[in-house]
Every structure is written in structure tokens, then in C-alpha cells.
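As C-alpha cells, the structure follows; a few thoughts come after it.
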Amino acid sequence: MGEELTDSTSSETYDSIDGHLIHDVSFVEVERPISNDTNDTGAKPRKSLEIPHSLPTEDGLARIVTITNQKGGVGKTTSVINIATHLAIRGARVLVVDCDAQGNCASGLGIDKSKTNITTKDVILTPSISIQARHATAVEGLHLIVGDHNLVGVEESLAAQLGRERRLVEALAPLRPHYDLILIDTAPSMSIVSINALTASDGILIPVQTEYLALEGVALLMGTIQEVRRLLNHSLGVDAVIMTMHAPTLLNTQVAGHLREIFGDLVLEPPIRRNIRLAESPSQGVPIQFHAPQSHGGEDYSRLSSELEALWFPGGIRNE
């Protein structure tokens, strides 16, 4: 079956390599202070995207907002947990719907997934049980519909059913009068579950890591939004873009500048800085507001959530 392969290069040959030609290489990341003039990136002006803006919510109904990006690891779940917590502390009635099979919203809010009987999968398959699916959290006024690994099988279960993209619309309809805000966390893939979330939503919140590869996920998402608007939800629009995992480096500052050029006033400030306390808080089962409110992560999410409060509740949060 051909000639046998042999190693014709002896160990002596390797030993003869001149050792002084081999050098260790180290890379140093130079941090620079974040200046106010972060728009000056040195890049050529970019053409603005045609991004649909969202419409106001009907009076008496919760605003439904999906937090999504087709790239993973950009801080979607962290943003859902901490924005929801801040607004609940401020007096809003908030429901979080976890549409990610990882189910990390439960862990971040101190809920044991193994003890839940009804999950997001059950709600999508049987919308009439949504009222029984809610779980109270340690934050007063904040409830959660738990997501878990069973969401992976939803696509197959819905494959032959009509109206499968509107199951979440049906499930959330009886809940909307009882909340001020419904936040939906999604997986980075654009599955039937994510399409359900976009179909049910009034607006979209897009977290973007301030690194160049994260911009690719945004480009994919814009195409998906246009398709959902055309076929399923004509009023779907973008509420805001938030910058996550930000660091005071030249690269991060340049990407932040590009985002401001592309999305204009849809970009909300401040960027969420990288912070070890944010990474620690899920392991404690509490949001950053309870774990380390004075940390950079706690301060950034507090300021960002205040901006979102003004956007979503221009007349103030109602208290009943």
C-alpha cells in the first residue's frame, strides 16, 4: 500500500538548531485613558445604517424588549439581570423571560432551575400556562420565567405547527397588563425561540462588546430584524445599543467611536466597563446591585439603567 513513512530527521538534527535564534515573544496591551472625544477614531466616515426605530407602547400594557445579538459572549444575560433589577428597585414591575437554553438568568437571580416545574419551553408549547410559569425573585417586583436546556428541543416540537412564530405573543398577552416591562433574554443563534421573542417585542436592545468581531453579529442582526419586520412584526424597532465589556484601550475606544458613527443617538452611555465584580455576582446568585453596587460594574449599570428608564418610561414609572 505504498512506501512506509519514516522520520528521516534525527533528533540530532533538531539539537543542531541554533538555540540563540529562538526568542520568547511577549505582547503588551497599552491602556489609555478614555477621553470625551471618543468619536475621533481616525477612520473614514461610515454611512449610517437604515435602522428602524421602535414605537411607543400602548397605554396599560408592559413594554416588551428583547435583548439580543447574534454573537455570543457580549453580556446579554448580565445586562438583562442588572437592568431588570435596577428598574424593579426603582418601582417598576418587571418580568424576565429567559429564552436561552443555558438558563443563566435563574442562576444570576438566585433561583434553582432544578426545582422549577414550568419553563419557557412549556410556555411556548402551551401559551395558556404562562401565568403559572412565573417565579418570584429576591428582588421585589421582579419575576422570572425560567429557561433551561429543554429549549433546544422546541424547534422540532413546533416544526409542523401553524403560527409557531407567534407562540410567545400568545403567552405574554395575559401578562402584559400586570407589568411595566418584560425583558426577554435570547441565545446568540437565531432559532425559532429567538424569532418568537422578536415577534412578541415592541423594541430591541442590542448589547455590543467594544471589539471589532462583535460588529459582525450586529450586521447579521440587522438583516434578521428587517426580515421579522417584513413578515411577522411590522412595528419592531431598535430601542438602543449598549456597549459592554469596555476597557480603556485604544482598540476599545476606536470601536466605541465606530458604534457611535453607525448608530448615532441609539447608542446609550456609559459603556459598561470590564469588572471582576460583574463576573463574580452570578456565582453569588445576586445582581451587581446587591453584590458590589459601588464597583465600576455597579455604577455603570446604574447609570445605563437610568437612561433606559427615561427612554422606556418618559412619564415616570407608575406605582400602583
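In the C-alpha cells, chains take the letters A, B, ... in the order shown, each chain's residues start at 1, and ligands count up from 1 in the order shown.
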
As a PyMOL selection string, please: the residues near Ser107 (chain A) (cut-off 8 Å, only C-alpha atoms, same-chain neighbours under 5 positions excluded). chain A and resi 112-113+282-283+285

Can you build me a table of region 76-110 of chain A residues sitting at most 7 Å from region 178-195 of chain A, with the closest atom pair per residue and its distance in Å to one decimal, using only C-alpha atoms, sorted by chain and residue number, as a Markdown table?
| residue | atom | partner | partner_atom | distance |
| --- | --- | --- | --- | --- |
| A:Lys76 | CA | A:Asp185 | CA | 6.9 |
| A:Thr77 | CA | A:Asp185 | CA | 6.3 |
| A:Val80 | CA | A:Asp185 | CA | 6.6 |
| A:Ala92 | CA | A:Asp180 | CA | 6.0 |
| A:Arg93 | CA | A:Tyr179 | CA | 4.8 |
| A:Val94 | CA | A:Leu181 | CA | 4.9 |
| A:Leu95 | CA | A:Ile182 | CA | 4.7 |
| A:Val96 | CA | A:Leu183 | CA | 4.8 |
| A:Val97 | CA | A:Ile184 | CA | 4.7 |
| A:Asp98 | CA | A:Asp185 | CA | 5.0 |
| A:Cys99 | CA | A:Thr186 | CA | 4.8 |
| A:Asp100 | CA | A:Ala187 | CA | 4.6 |

Can those selected residues be exported to a file as a short mmCIF file (atom, residue, chain, number, x, y, z; two decimals), in the first residue's frame so that it contains C-alpha atoms?
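File result38.cif, as written:
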data_model
loop_
_atom_site.label_atom_id
_atom_site.label_comp_id
_atom_site.auth_asym_id
_atom_site.auth_seq_id
_atom_site.Cartn_x
_atom_site.Cartn_y
_atom_site.Cartn_z
CA LYS A 76 -26.74 39.83 27.13
CA THR A 77 -27.71 37.91 30.27
CA VAL A 80 -30.89 41.57 31.43
CA ALA A 92 -41.18 49.08 38.05
CA ARG A 93 -42.98 45.75 37.79
CA VAL A 94 -40.62 43.66 35.70
CA LEU A 95 -40.84 40.18 34.19
CA VAL A 96 -37.76 38.48 32.74
CA VAL A 97 -38.36 35.71 30.20
CA ASP A 98 -35.29 33.52 29.69
CA CYS A 99 -35.30 32.22 26.10
CA ASP A 100 -31.71 30.95 26.27
#

Neighbour list for Arg90 (chain A) as a list in words, cut-off 12 Å, only C-alpha atoms, skip fewer than 5 positions in-chain: Ile83, Ala84, Thr85, Val139, Glu140, Gly141, Leu142, Asp180, Gln289, Ser302, Ser305, Ser306, Glu309, Ala310, Phe313, Gly316, Ile317, Arg318 and Asn319 of chain A

Determine which residues of region 60-306 of chain A DSSP labels as helix (DSSP H, G or I) from the backbone of this structure, then write them out as a ChimeraX atom specification. /A:76-89,104-108,113-115,120-125,127-133,149-158,164-172,176-178,192-200,214-231,250-266,276-284,288-291,296-306

Extract, using only C-alpha atoms, all DNA, RNA and protein residues at most 12 Å from Leu266 (chain A), discarding same-chain residues fewer than 3 positions from it, and format them as a VMD selection string. chain A and resid 48 to 49 51 to 54 204 to 207 237 to 243 259 to 263 269 307 to 308 311
